[in-house]
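**Q** Okay, so here is upload-v7.pdb, and as you'll see once you scroll down, it has PDB, C-alpha atoms and all ligand atoms.
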MODEL        1
ATOM      1  CA  MET O  29      64.199 -71.295-136.477
ATOM      2  CA  LYS O  30      66.831 -72.765-134.239
ATOM      3  CA  ARG O  31      68.614 -74.709-136.965
ATOM      4  CA  LEU O  32      68.287 -74.487-140.770
ATOM      5  CA  LEU O  33      70.021 -77.093-142.932
ATOM      6  CA  ILE O  34      71.342 -76.061-146.349
ATOM      7  CA  THR O  35      72.480 -78.981-148.505
ATOM      8  CA  GLY O  36      74.643 -78.417-151.563
ATOM      9  CA  ALA O  37      76.307 -75.648-149.564
ATOM     10  CA  ALA O  38      79.511 -75.723-151.624
ATOM     11  CA  GLY O  39      77.593 -75.147-154.868
ATOM     12  CA  GLY O  40      76.607 -71.973-156.682
ATOM     13  CA  LEU O  41      73.251 -71.446-154.989
ATOM     14  CA  GLY O  42      74.288 -73.010-151.684
ATOM     15  CA  SER O  43      77.300 -70.753-151.218
ATOM     16  CA  GLU O  44      75.244 -67.689-152.176
ATOM     17  CA  MET O  45      72.353 -68.597-149.866
ATOM     18  CA  ARG O  46      74.760 -69.441-147.053
ATOM     19  CA  LYS O  47      75.439 -65.693-146.915
ATOM     20  CA  ARG O  48      71.883 -64.564-147.569
ATOM     21  CA  LEU O  49      69.817 -66.866-145.288
ATOM     22  CA  ALA O  50      71.814 -66.450-142.077
ATOM     23  CA  HIS O  51      69.005 -64.344-140.571
ATOM     24  CA  LEU O  52      66.523 -67.234-140.766
ATOM     25  CA  ALA O  53      67.964 -69.360-137.955
ATOM     26  CA  GLU O  54      70.197 -69.231-134.895
ATOM     27  CA  THR O  55      72.400 -71.871-136.492
ATOM     28  CA  ILE O  56      72.902 -72.670-140.174
ATOM     29  CA  ARG O  57      73.959 -76.277-140.734
ATOM     30  CA  LEU O  58      75.833 -76.643-144.015
ATOM     31  CA  SER O  59      76.401 -79.854-145.899
ATOM     32  CA  ASP O  60      77.981 -80.992-149.157
ATOM     33  CA  MET O  61      80.437 -83.616-150.290
ATOM     34  CA  ALA O  62      82.700 -80.875-151.644
ATOM     35  CA  ASP O  63      84.761 -78.496-149.516
ATOM     36  CA  MET O  64      82.753 -75.764-147.765
ATOM     37  CA  GLY O  65      85.615 -73.872-146.132
ATOM     38  CA  ASP O  66      85.523 -72.885-142.465
ATOM     39  CA  ALA O  67      82.395 -72.437-140.365
ATOM     40  CA  ALA O  68      81.444 -68.898-139.304
ATOM     41  CA  ALA O  69      80.247 -68.304-135.735
ATOM     42  CA  ASN O  70      76.606 -69.115-136.546
ATOM     43  CA  GLU O  71      77.430 -72.125-138.759
ATOM     44  CA  GLU O  72      78.128 -75.823-138.372
ATOM     45  CA  ILE O  73      79.613 -77.881-141.170
ATOM     46  CA  LEU O  74      78.653 -81.530-141.689
ATOM     47  CA  PRO O  75      80.104 -83.024-144.878
ATOM     48  CA  CYS O  76      77.975 -85.855-146.214
ATOM     49  CA  ASP O  77      77.210 -87.825-149.353
ATOM     50  CA  LEU O  78      73.443 -87.678-149.844
ATOM     51  CA  ALA O  79      73.534 -91.295-151.054
ATOM     52  CA  ASP O  80      74.680 -92.366-147.561
ATOM     53  CA  LYS O  81      71.452 -93.086-145.704
ATOM     54  CA  ASP O  82      72.914 -93.087-142.179
ATOM     55  CA  ALA O  83      74.857 -89.893-142.767
ATOM     56  CA  VAL O  84      71.715 -88.131-144.051
ATOM     57  CA  GLU O  85      69.804 -89.331-141.002
ATOM     58  CA  ALA O  86      72.373 -87.663-138.725
ATOM     59  CA  LEU O  87      72.403 -84.572-140.933
ATOM     60  CA  VAL O  88      68.667 -83.939-140.655
ATOM     61  CA  ALA O  89      68.404 -84.592-136.887
ATOM     62  CA  ASP O  90      67.627 -81.437-134.857
ATOM     63  CA  CYS O  91      66.857 -79.259-137.894
ATOM     64  CA  ASP O  92      63.699 -77.091-138.050
ATOM     65  CA  GLY O  93      63.959 -76.364-141.756
ATOM     66  CA  ILE O  94      65.810 -77.643-144.827
ATOM     67  CA  VAL O  95      66.819 -75.917-148.054
ATOM     68  CA  HIS O  96      67.752 -78.804-150.299
ATOM     69  CA  PHE O  97      70.166 -77.696-153.026
ATOM     70  CA  GLY O  98      72.439 -80.748-152.928
ATOM     71  CA  GLY O  99      72.550 -83.044-155.932
ATOM     72  CA  LYS O 100      73.545 -83.298-159.568
ATOM     73  CA  SER O 101      72.493 -79.947-161.031
ATOM     74  CA  VAL O 102      72.784 -80.679-164.766
ATOM     75  CA  GLU O 103      72.554 -83.745-166.981
ATOM     76  CA  GLY O 104      74.864 -86.617-165.999
ATOM     77  CA  THR O 105      75.200 -90.372-166.223
ATOM     78  CA  TRP O 106      72.295 -92.353-164.805
ATOM     79  CA  GLN O 107      74.501 -93.626-161.961
ATOM     80  CA  VAL O 108      75.370 -90.120-160.780
ATOM     81  CA  VAL O 109      71.839 -88.769-161.231
ATOM     82  CA  ARG O 110      70.383 -91.798-159.460
ATOM     83  CA  ASP O 111      72.764 -91.705-156.476
ATOM     84  CA  SER O 112      72.443 -87.976-155.788
ATOM     85  CA  ASN O 113      68.930 -87.086-156.948
ATOM     86  CA  ILE O 114      66.949 -90.302-156.479
ATOM     87  CA  GLU O 115      68.616 -92.113-153.553
ATOM     88  CA  GLY O 116      69.685 -88.780-152.046
ATOM     89  CA  VAL O 117      66.198 -87.267-152.071
ATOM     90  CA  PHE O 118      64.649 -90.468-150.721
ATOM     91  CA  ASN O 119      67.201 -90.494-147.901
ATOM     92  CA  LEU O 120      66.392 -86.869-147.116
ATOM     93  CA  TYR O 121      62.617 -87.443-146.909
ATOM     94  CA  GLU O 122      63.004 -90.585-144.840
ATOM     95  CA  ALA O 123      65.270 -88.741-142.409
ATOM     96  CA  ALA O 124      62.804 -85.838-142.272
ATOM     97  CA  ARG O 125      59.937 -88.242-141.534
ATOM     98  CA  ARG O 126      61.859 -89.640-138.578
ATOM     99  CA  HIS O 127      62.982 -86.247-137.272
ATOM    100  CA  GLY O 128      59.880 -84.126-136.830
ATOM    101  CA  MET O 129      59.226 -83.328-140.491
ATOM    102  CA  PRO O 130      61.042 -79.987-140.820
ATOM    103  CA  ARG O 131      59.664 -77.845-143.636
ATOM    104  CA  ILE O 132      61.633 -78.378-146.872
ATOM    105  CA  VAL O 133      62.459 -76.164-149.839
ATOM    106  CA  PHE O 134      63.106 -78.648-152.653
ATOM    107  CA  ALA O 135      65.217 -77.293-155.508
ATOM    108  CA  SER O 136      63.372 -78.713-158.488
ATOM    109  CA  SER O 137      64.066 -77.388-161.952
ATOM    110  CA  ASN O 138      62.615 -75.983-165.155
ATOM    111  CA  HIS O 139      64.012 -79.179-166.694
ATOM    112  CA  ALA O 140      61.071 -81.035-165.098
ATOM    113  CA  ILE O 141      58.928 -79.220-167.696
ATOM    114  CA  GLY O 142      61.620 -78.553-170.311
ATOM    115  CA  PHE O 143      59.743 -80.007-173.296
ATOM    116  CA  TYR O 144      56.992 -77.392-173.111
ATOM    117  CA  ARG O 145      57.532 -74.899-175.880
ATOM    118  CA  GLN O 146      58.508 -71.323-175.239
ATOM    119  CA  ASP O 147      55.302 -70.119-176.929
ATOM    120  CA  GLN O 148      53.263 -71.926-174.236
ATOM    121  CA  ARG O 149      52.394 -70.235-170.955
ATOM    122  CA  ILE O 150      52.076 -72.879-168.254
ATOM    123  CA  ASP O 151      50.939 -72.946-164.661
ATOM    124  CA  ASN O 152      51.811 -75.366-161.866
ATOM    125  CA  ALA O 153      49.013 -77.821-162.771
ATOM    126  CA  VAL O 154      50.468 -78.985-166.099
ATOM    127  CA  PRO O 155      51.837 -82.541-166.305
ATOM    128  CA  PRO O 156      55.635 -82.751-166.161
ATOM    129  CA  ARG O 157      57.542 -82.964-169.460
ATOM    130  CA  PRO O 158      61.150 -83.583-168.409
ATOM    131  CA  ASP O 159      63.920 -83.002-170.921
ATOM    132  CA  SER O 160      66.739 -85.152-169.483
ATOM    133  CA  LEU O 161      67.545 -87.837-166.898
ATOM    134  CA  TYR O 162      68.261 -84.886-164.641
ATOM    135  CA  GLY O 163      64.775 -83.518-165.335
ATOM    136  CA  VAL O 164      63.269 -86.954-164.669
ATOM    137  CA  SER O 165      65.076 -87.052-161.310
ATOM    138  CA  LYS O 166      63.492 -83.705-160.397
ATOM    139  CA  VAL O 167      60.052 -85.067-161.333
ATOM    140  CA  PHE O 168      60.808 -87.983-158.997
ATOM    141  CA  GLY O 169      61.669 -85.534-156.215
ATOM    142  CA  GLU O 170      58.436 -83.607-156.811
ATOM    143  CA  ALA O 171      56.426 -86.847-156.691
ATOM    144  CA  LEU O 172      58.192 -87.966-153.535
ATOM    145  CA  ALA O 173      57.482 -84.635-151.837
ATOM    146  CA  SER O 174      53.822 -84.925-152.840
ATOM    147  CA  MET O 175      53.538 -88.470-151.457
ATOM    148  CA  TYR O 176      55.196 -87.557-148.129
ATOM    149  CA  HIS O 177      52.778 -84.638-147.857
ATOM    150  CA  ASP O 178      49.637 -86.644-148.625
ATOM    151  CA  LYS O 179      50.666 -89.595-146.488
ATOM    152  CA  PHE O 180      52.478 -87.980-143.544
ATOM    153  CA  GLY O 181      51.815 -84.213-143.719
ATOM    154  CA  GLN O 182      55.407 -83.339-144.604
ATOM    155  CA  GLU O 183      55.409 -79.788-146.000
ATOM    156  CA  THR O 184      57.575 -78.883-149.019
ATOM    157  CA  ALA O 185      57.876 -75.899-151.303
ATOM    158  CA  ILE O 186      58.704 -77.452-154.676
ATOM    159  CA  VAL O 187      60.553 -74.695-156.505
ATOM    160  CA  ARG O 188      61.018 -75.231-160.237
ATOM    161  CA  ILE O 189      64.043 -72.984-160.400
ATOM    162  CA  GLY O 190      64.628 -71.273-163.728
ATOM    163  CA  SER O 191      68.164 -69.827-163.902
ATOM    164  CA  SER O 192      69.444 -68.460-160.619
ATOM    165  CA  PHE O 193      72.698 -66.737-161.398
ATOM    166  CA  PRO O 194      73.964 -63.156-161.025
ATOM    167  CA  GLY O 195      72.345 -62.370-164.387
ATOM    168  CA  PRO O 196      70.982 -64.154-167.489
ATOM    169  CA  ALA O 197      73.802 -65.725-169.508
ATOM    170  CA  ASP O 198      71.802 -65.895-172.776
ATOM    171  CA  HIS O 199      68.495 -64.829-174.315
ATOM    172  CA  ARG O 200      66.584 -67.858-172.996
ATOM    173  CA  MET O 201      67.484 -66.859-169.462
ATOM    174  CA  LEU O 202      65.704 -63.526-169.934
ATOM    175  CA  SER O 203      62.578 -65.654-169.398
ATOM    176  CA  THR O 204      63.941 -67.987-166.706
ATOM    177  CA  TRP O 205      66.161 -65.737-164.597
ATOM    178  CA  LEU O 206      65.663 -65.800-160.828
ATOM    179  CA  SER O 207      67.620 -63.142-158.958
ATOM    180  CA  TYR O 208      69.226 -64.170-155.687
ATOM    181  CA  ALA O 209      67.264 -61.435-153.905
ATOM    182  CA  ASP O 210      63.931 -62.764-155.225
ATOM    183  CA  PHE O 211      64.923 -66.301-154.248
ATOM    184  CA  VAL O 212      65.647 -65.114-150.706
ATOM    185  CA  ARG O 213      62.228 -63.401-150.624
ATOM    186  CA  LEU O 214      60.636 -66.700-151.682
ATOM    187  CA  ILE O 215      62.442 -68.765-149.047
ATOM    188  CA  GLU O 216      61.469 -66.212-146.387
ATOM    189  CA  ARG O 217      57.803 -66.608-147.344
ATOM    190  CA  VAL O 218      58.072 -70.413-147.320
ATOM    191  CA  PHE O 219      59.279 -70.427-143.723
ATOM    192  CA  ASP O 220      56.937 -67.623-142.680
ATOM    193  CA  VAL O 221      53.494 -68.804-143.797
ATOM    194  CA  PRO O 222      51.541 -70.663-141.089
ATOM    195  CA  LYS O 223      50.468 -73.419-143.483
ATOM    196  CA  LEU O 224      52.499 -74.364-146.533
ATOM    197  CA  GLY O 225      51.263 -77.688-147.869
ATOM    198  CA  CYS O 226      53.192 -78.894-150.888
ATOM    199  CA  PRO O 227      52.877 -76.287-153.658
ATOM    200  CA  ILE O 228      54.812 -76.173-156.915
ATOM    201  CA  ILE O 229      56.228 -72.695-157.488
ATOM    202  CA  TYR O 230      58.027 -71.471-160.594
ATOM    203  CA  GLY O 231      61.275 -69.951-159.420
ATOM    204  CA  ALA O 232      61.629 -66.942-161.698
ATOM    205  CA  SER O 233      61.846 -63.206-161.120
ATOM    206  CA  ASN O 234      59.209 -60.782-162.337
ATOM    207  CA  ASN O 235      60.529 -61.084-165.907
ATOM    208  CA  ALA O 236      58.578 -59.333-168.666
ATOM    209  CA  SER O 237      59.207 -62.332-170.946
ATOM    210  CA  SER O 238      58.261 -65.054-168.436
ATOM    211  CA  TRP O 239      56.511 -68.251-169.608
ATOM    212  CA  TRP O 240      55.279 -69.232-166.167
ATOM    213  CA  ASP O 241      52.074 -68.455-164.323
ATOM    214  CA  ASN O 242      52.351 -68.558-160.537
ATOM    215  CA  SER O 243      48.802 -67.338-159.892
ATOM    216  CA  ASN O 244      47.849 -70.652-158.215
ATOM    217  CA  VAL O 245      50.343 -69.821-155.463
ATOM    218  CA  ASP O 246      49.430 -66.151-155.036
ATOM    219  CA  TRP O 247      48.334 -67.039-151.494
ATOM    220  CA  LEU O 248      51.982 -67.541-150.570
ATOM    221  CA  GLY O 249      52.465 -63.780-150.779
ATOM    222  CA  TRP O 250      55.712 -64.009-152.766
ATOM    223  CA  ARG O 251      56.136 -60.960-154.981
ATOM    224  CA  PRO O 252      59.370 -61.178-156.992
ATOM    225  CA  GLN O 253      60.687 -57.686-157.662
ATOM    226  CA  ASP O 254      63.468 -58.027-160.223
ATOM    227  CA  ASP O 255      63.086 -58.095-164.016
ATOM    228  CA  SER O 256      65.662 -59.477-166.462
ATOM    229  CA  GLU O 257      64.869 -56.742-169.055
ATOM    230  CA  GLN O 258      67.691 -54.703-167.524
ATOM    231  CA  PHE O 259      70.126 -57.209-169.133
ATOM    232  CA  ARG O 260      68.570 -57.428-172.626
ATOM    233  CA  ALA O 261      70.527 -54.675-174.369
ATOM    234  CA  LYS O 262      73.821 -56.072-173.076
ATOM    235  CA  LEU O 263      72.953 -59.595-174.258
ATOM    236  CA  ASP O 264      71.864 -58.269-177.675
ATOM    237  CA  ALA O 265      75.209 -56.521-178.018
ATOM    238  CA  GLU O 266      77.273 -59.460-176.801
ATOM    239  CA  MET O 267      75.779 -62.412-178.661
ATOM    240  CA  ASP O 268      73.895 -63.344-181.799
ATOM    241  CA  LYS O 269      70.348 -64.598-181.398
ATOM    242  CA  PRO O 270      70.092 -68.349-182.177
ATOM    243  CA  ALA O 271      68.231 -69.580-185.303
ATOM    244  CA  ALA O 272      64.424 -69.705-184.978
ATOM    245  CA  ASP O 273      64.416 -73.526-184.863
ATOM    246  CA  ALA O 274      67.276 -73.912-182.361
ATOM    247  CA  PRO O 275      66.322 -75.775-179.166
ATOM    248  CA  GLN O 276      67.260 -72.790-177.032
ATOM    249  CA  VAL O 277      64.472 -70.744-178.643
ATOM    250  CA  VAL O 278      61.910 -73.532-179.165
ATOM    251  CA  TYR O 279      61.773 -75.346-175.832
ATOM    252  CA  GLN O 280      61.603 -74.045-172.275
ATOM    253  CA  GLY O 281      64.411 -76.425-171.291
ATOM    254  CA  GLY O 282      66.661 -75.103-174.077
ATOM    255  CA  THR O 283      69.622 -77.231-175.155
ATOM    256  CA  PHE O 284      68.860 -79.945-172.558
ATOM    257  CA  THR O 285      66.127 -81.114-174.947
ATOM    258  CA  ALA O 286      68.741 -81.887-177.620
ATOM    259  CA  ASP O 287      71.227 -83.631-175.343
ATOM    260  CA  GLY O 288      71.745 -87.404-175.589
ATOM    261  CA  ILE O 289      72.029 -89.947-172.804
ATOM    262  CA  HIS O 290      75.360 -89.487-171.038
ATOM    263  CA  GLU O 291      77.296 -92.741-170.834
ATOM    264  CA  THR O 292      80.425 -91.420-169.155
ATOM    265  CA  ASP O 293      80.966 -88.774-166.482
ATOM    266  CA  ASP O 294      82.212 -85.329-167.583
TER
HETATM  267  N1  LIG O 301      71.243 -72.571-160.310
HETATM  268  C1  LIG O 301      70.170 -72.728-161.047
HETATM  269  O1  LIG O 301      69.825 -71.882-161.847
HETATM  270  C2  LIG O 301      69.302 -73.937-160.889
HETATM  271  C3  LIG O 301      68.253 -74.141-161.807
HETATM  272  C4  LIG O 301      67.407 -75.230-161.630
HETATM  273  C5  LIG O 301      67.602 -76.084-160.557
HETATM  274  N2  LIG O 301      68.639 -75.874-159.708
HETATM  275  C6  LIG O 301      68.833 -76.828-158.605
HETATM  276  O2  LIG O 301      69.260 -76.125-157.453
HETATM  277  C7  LIG O 301      70.233 -76.867-156.757
HETATM  278  C8  LIG O 301      71.508 -76.052-156.603
HETATM  279  O3  LIG O 301      71.971 -75.690-157.892
HETATM  280  P1  LIG O 301      73.430 -75.078-158.116
HETATM  281  O4  LIG O 301      73.360 -74.291-159.366
HETATM  282  O5  LIG O 301      73.923 -74.437-156.882
HETATM  283  O6  LIG O 301      74.238 -76.422-158.419
HETATM  284  P2  LIG O 301      75.758 -76.784-158.051
HETATM  285  O7  LIG O 301      76.133 -77.921-158.918
HETATM  286  O8  LIG O 301      76.605 -75.566-158.082
HETATM  287  O9  LIG O 301      75.657 -77.285-156.527
HETATM  288  C9  LIG O 301      75.181 -78.544-156.178
HETATM  289  C10 LIG O 301      75.999 -79.042-155.004
HETATM  290  O10 LIG O 301      75.504 -80.335-154.636
HETATM  291  C11 LIG O 301      76.626 -81.130-154.262
HETATM  292  N3  LIG O 301      76.310 -82.546-154.450
HETATM  293  C12 LIG O 301      76.092 -83.208-155.615
HETATM  294  N4  LIG O 301      75.849 -84.512-155.367
HETATM  295  C13 LIG O 301      75.936 -84.680-154.021
HETATM  296  C14 LIG O 301      75.815 -85.793-153.162
HETATM  297  N5  LIG O 301      75.557 -87.024-153.637
HETATM  298  N6  LIG O 301      75.978 -85.603-151.832
HETATM  299  C15 LIG O 301      76.249 -84.365-151.336
HETATM  300  N7  LIG O 301      76.393 -83.274-152.103
HETATM  301  C16 LIG O 301      76.220 -83.424-153.434
HETATM  302  C17 LIG O 301      77.762 -80.692-155.182
HETATM  303  O11 LIG O 301      79.032 -81.000-154.599
HETATM  304  C18 LIG O 301      77.499 -79.201-155.329
HETATM  305  O12 LIG O 301      78.266 -78.434-154.429
HETATM  306  C19 LIG O 301      70.435 -78.180-157.538
HETATM  307  O13 LIG O 301      69.635 -79.192-156.958
HETATM  308  C20 LIG O 301      69.942 -77.835-158.918
HETATM  309  O14 LIG O 301      69.440 -78.981-159.585
HETATM  310  C21 LIG O 301      69.491 -74.838-159.859
ENDMDL
END
If you took the structure in this file and wrote it as structure tokens, what would it be?
**A**
Amino acid sequence: MKRLLITGAAGGLGSEMRKRLAHLAETIRLSDMADMGDAAANEEILPCDLADKDAVEALVADCDGIVHFGGKSVEGTWQVVRDSNIEGVFNLYEAARRHGMPRIVFASSNHAIGFYRQDQRIDNAVPPRPDSLYGVSKVFGEALASMYHDKFGQETAIVRIGSSFPGPADHRMLSTWLSYADFVRLIERVFDVPKLGCPIIYGASNNASSWWDNSNVDWLGWRPQDDSEQFRAKLDAEMDKPAADAPQVVYQGGTFTADGIHETDD
């Protein structure tokens, strides 16, 4: 690609992928409303609030691909979730429609299906069961991507990311962990395949204790290589296992399922 846009570039995943996706394009365009530091030689930095329609239009112009990490990444007040994850995603897809429909990686979340139980194994055809306003906003983004694909041919990889951190922070994440290296392998496949469409992909490594079945997207050729089992003994030693009826061991979305509606910002 000539130019790849990464939104949410100041965040956890954005700053990690800024380093790891440089090989995918001549220029990496980085955007966030938080500070992103200085641009490297192959980078351009365009700060922008995703809720600002005109700014998003300018952001997307001249890009051949988009990795969309920007937005509220946990539960928040409706106003914040709406501005970043509803208005923001709509602005992004409208801008993409007007600027050549660059292929998009949409960072959806396990919280779009968080009310499935951990003893259920689910594939990408199950109806959503969001566990929070945040999860609902990700379901909106998935639906929007689907509509822009059916109506206009816009291609999107909808990635229901599990837990993409250096390692699992608790026992639940042994099932949901997505290593950075496996995420890079997935994004490489998304921009490599001749025809993408608009598939839903569970973003998890090759974890022995996974709940998710990606067989419907085998054709993508993504073969995650890491397994969270390497962290189990350390987690066992460091923390007690929660009670058998605790949300973090009952539901796939963990404690998000027990959270109330947030009326004030953190
Ligand atoms: N990290 C994970 O394990 C995980 C799991 C599921 C889904 N996701 C999704 O992946 C994406 C990245 O996650 P992360 O962990 O890096 O989150 P993060 O909170 O660290 O980063 C998100 C970034 O988006 C920016 N942002 C928020 N609202 C914005 C707005 N209105 N305009 C411009 N920028 C805005 C923030 O400033 C932040 O830098 C998010 O969309 C999140 O929902 C991540």
**Q** Quick one: residues within 8 Å of ligand LIG 301 (chain O), with only C-alpha atoms and all ligand atoms, as a VMD selection string?
**A** chain O and resid 35 to 43 59 to 62 75 to 79 96 to 102 108 111 to 113 116 134 to 139 162 166 188 to 193 205 to 206
**Q** Translate the PyMOL selection byres (((chain O and resi 258-269) around 8) and not hetatm) into a concrete residue list for this structure, as an NGL selection string.
**A** :O and (195-199 or 202 or 255-257 or 270-271)
**Q** Expand the PyMOL selection byres (((chain O and resi 50) around 12) and not hetatm) into the explicit residue set it covers here, and present it as a VMD selection string.
**A** chain O and resid 29 to 34 42 to 49 51 to 58 68 to 72 212 215 to 216
**Q** Those residues with C-alpha atoms, as a short mmCIF file (atom, residue, chain, number, x, y, z; two decimals), in the frame of the given file please?
**A**
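Just written: selection-v8.cif:
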data_model
loop_
_atom_site.label_atom_id
_atom_site.label_comp_id
_atom_site.auth_asym_id
_atom_site.auth_seq_id
_atom_site.Cartn_x
_atom_site.Cartn_y
_atom_site.Cartn_z
CA MET O 29 64.20 -71.30 -136.48
CA LYS O 30 66.83 -72.76 -134.24
CA ARG O 31 68.61 -74.71 -136.96
CA LEU O 32 68.29 -74.49 -140.77
CA LEU O 33 70.02 -77.09 -142.93
CA ILE O 34 71.34 -76.06 -146.35
CA GLY O 42 74.29 -73.01 -151.68
CA SER O 43 77.30 -70.75 -151.22
CA GLU O 44 75.24 -67.69 -152.18
CA MET O 45 72.35 -68.60 -149.87
CA ARG O 46 74.76 -69.44 -147.05
CA LYS O 47 75.44 -65.69 -146.92
CA ARG O 48 71.88 -64.56 -147.57
CA LEU O 49 69.82 -66.87 -145.29
CA HIS O 51 69.00 -64.34 -140.57
CA LEU O 52 66.52 -67.23 -140.77
CA ALA O 53 67.96 -69.36 -137.96
CA GLU O 54 70.20 -69.23 -134.90
CA THR O 55 72.40 -71.87 -136.49
CA ILE O 56 72.90 -72.67 -140.17
CA ARG O 57 73.96 -76.28 -140.73
CA LEU O 58 75.83 -76.64 -144.01
CA ALA O 68 81.44 -68.90 -139.30
CA ALA O 69 80.25 -68.30 -135.74
CA ASN O 70 76.61 -69.11 -136.55
CA GLU O 71 77.43 -72.12 -138.76
CA GLU O 72 78.13 -75.82 -138.37
CA VAL O 212 65.65 -65.11 -150.71
CA ILE O 215 62.44 -68.76 -149.05
CA GLU O 216 61.47 -66.21 -146.39
#
**Q** Could you pull out every residue with an atom within 10 Å of (58.2, -67.7, -167.3), file coordinates, counting all atoms listed in the file, and send them as a list in words?
**A** Asn138, Gln146, Gln148, Arg149, Ile150, Asp151, Gly190, Met201, Leu202, Ser203, Thr204, Trp205, Tyr230, Gly231, Ala232, Ser233, Asn234, Asn235, Ala236, Ser237, Ser238, Trp239, Trp240, Asp241, Asn242 and Gln280 of chain O
**Q** Looking at O:Ala173, O:Val88, O:Ala185, O:Ile228, which one is nearest to Ala153 of chain O, with distances taken over all atoms listed in the file?
**A**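 So, comparing all the options, the nearest one is O:Ile228.
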**Q** Any idea what the distance is between atom CA of Pro194 of chain O and atom CA of Phe219 of chain O?
**A**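 Going from atom CA of Pro194 of chain O over to atom CA of Phe219 of chain O covers 23.8 Å.
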**Q** Separation of atom CA of Ala83 of chain O and atom CA of Asn119 of chain O, in Å?
**A** 9.2 Å
**Q** Can you list, as a PDB file with C-alpha atoms, in the coordinates of the input, the residues that the PyMOL selection byres (((chain O and resi 273) around 12) and not hetatm) selects here?
**A**
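That gives us part-v9.pdb:
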ATOM      1  CA  ARG O 145      57.532 -74.899-175.880  1.00  0.00           C
ATOM      2  CA  GLN O 146      58.508 -71.323-175.239  1.00  0.00           C
ATOM      3  CA  LYS O 269      70.348 -64.598-181.398  1.00  0.00           C
ATOM      4  CA  PRO O 270      70.092 -68.349-182.177  1.00  0.00           C
ATOM      5  CA  ALA O 271      68.231 -69.580-185.303  1.00  0.00           C
ATOM      6  CA  ALA O 272      64.424 -69.705-184.978  1.00  0.00           C
ATOM      7  CA  ALA O 274      67.276 -73.912-182.361  1.00  0.00           C
ATOM      8  CA  PRO O 275      66.322 -75.775-179.166  1.00  0.00           C
ATOM      9  CA  GLN O 276      67.260 -72.790-177.032  1.00  0.00           C
ATOM     10  CA  VAL O 277      64.472 -70.744-178.643  1.00  0.00           C
ATOM     11  CA  VAL O 278      61.910 -73.532-179.165  1.00  0.00           C
ATOM     12  CA  TYR O 279      61.773 -75.346-175.832  1.00  0.00           C
ATOM     13  CA  GLY O 282      66.661 -75.103-174.077  1.00  0.00           C
ATOM     14  CA  THR O 283      69.622 -77.231-175.155  1.00  0.00           C
ATOM     15  CA  ALA O 286      68.741 -81.887-177.620  1.00  0.00           C
TER      16      ALA O 286
END
**Q** Take every atom of segment 173-178 of chain O listed in the file, fit an axis-aligned box around them, add 8 Å per side, and give the centre and edge lengths in Å to one decimal as JSON.
**A**
{"center_x": 53.6, "center_y": -86.6, "center_z": -150.3, "size_x": 23.8, "size_y": 19.8, "size_z": 21.0}
**Q** Using all atoms listed in the file for the distances, tell me which of O:Met129, O:Cys91, O:Ile114, O:Val109 is nearest to Ala171 of chain O.
**A**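 Of all the options, O:Ile114 lies closest to Ala171 of chain O.
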**Q** Rounded to one decimal place, report the atom CA of Ser160 of chain O-atom CA of Gly288 of chain O distance in Å.
**A** 8.2 Å
**Q** Would you please work out which residue, of O:Ala140, O:Tyr208, O:Leu87, O:Asp63, is nearest to Val164 of chain O when using all atoms listed in the file?
**A** O:Ala140
**Q** From the set O:Gln107, O:Val133, O:Ala67, O:Leu224, which residue has the shortest atom-to-atom contact distance to Ile186 of chain O, counting only C-alpha atoms?
**A** O:Val133
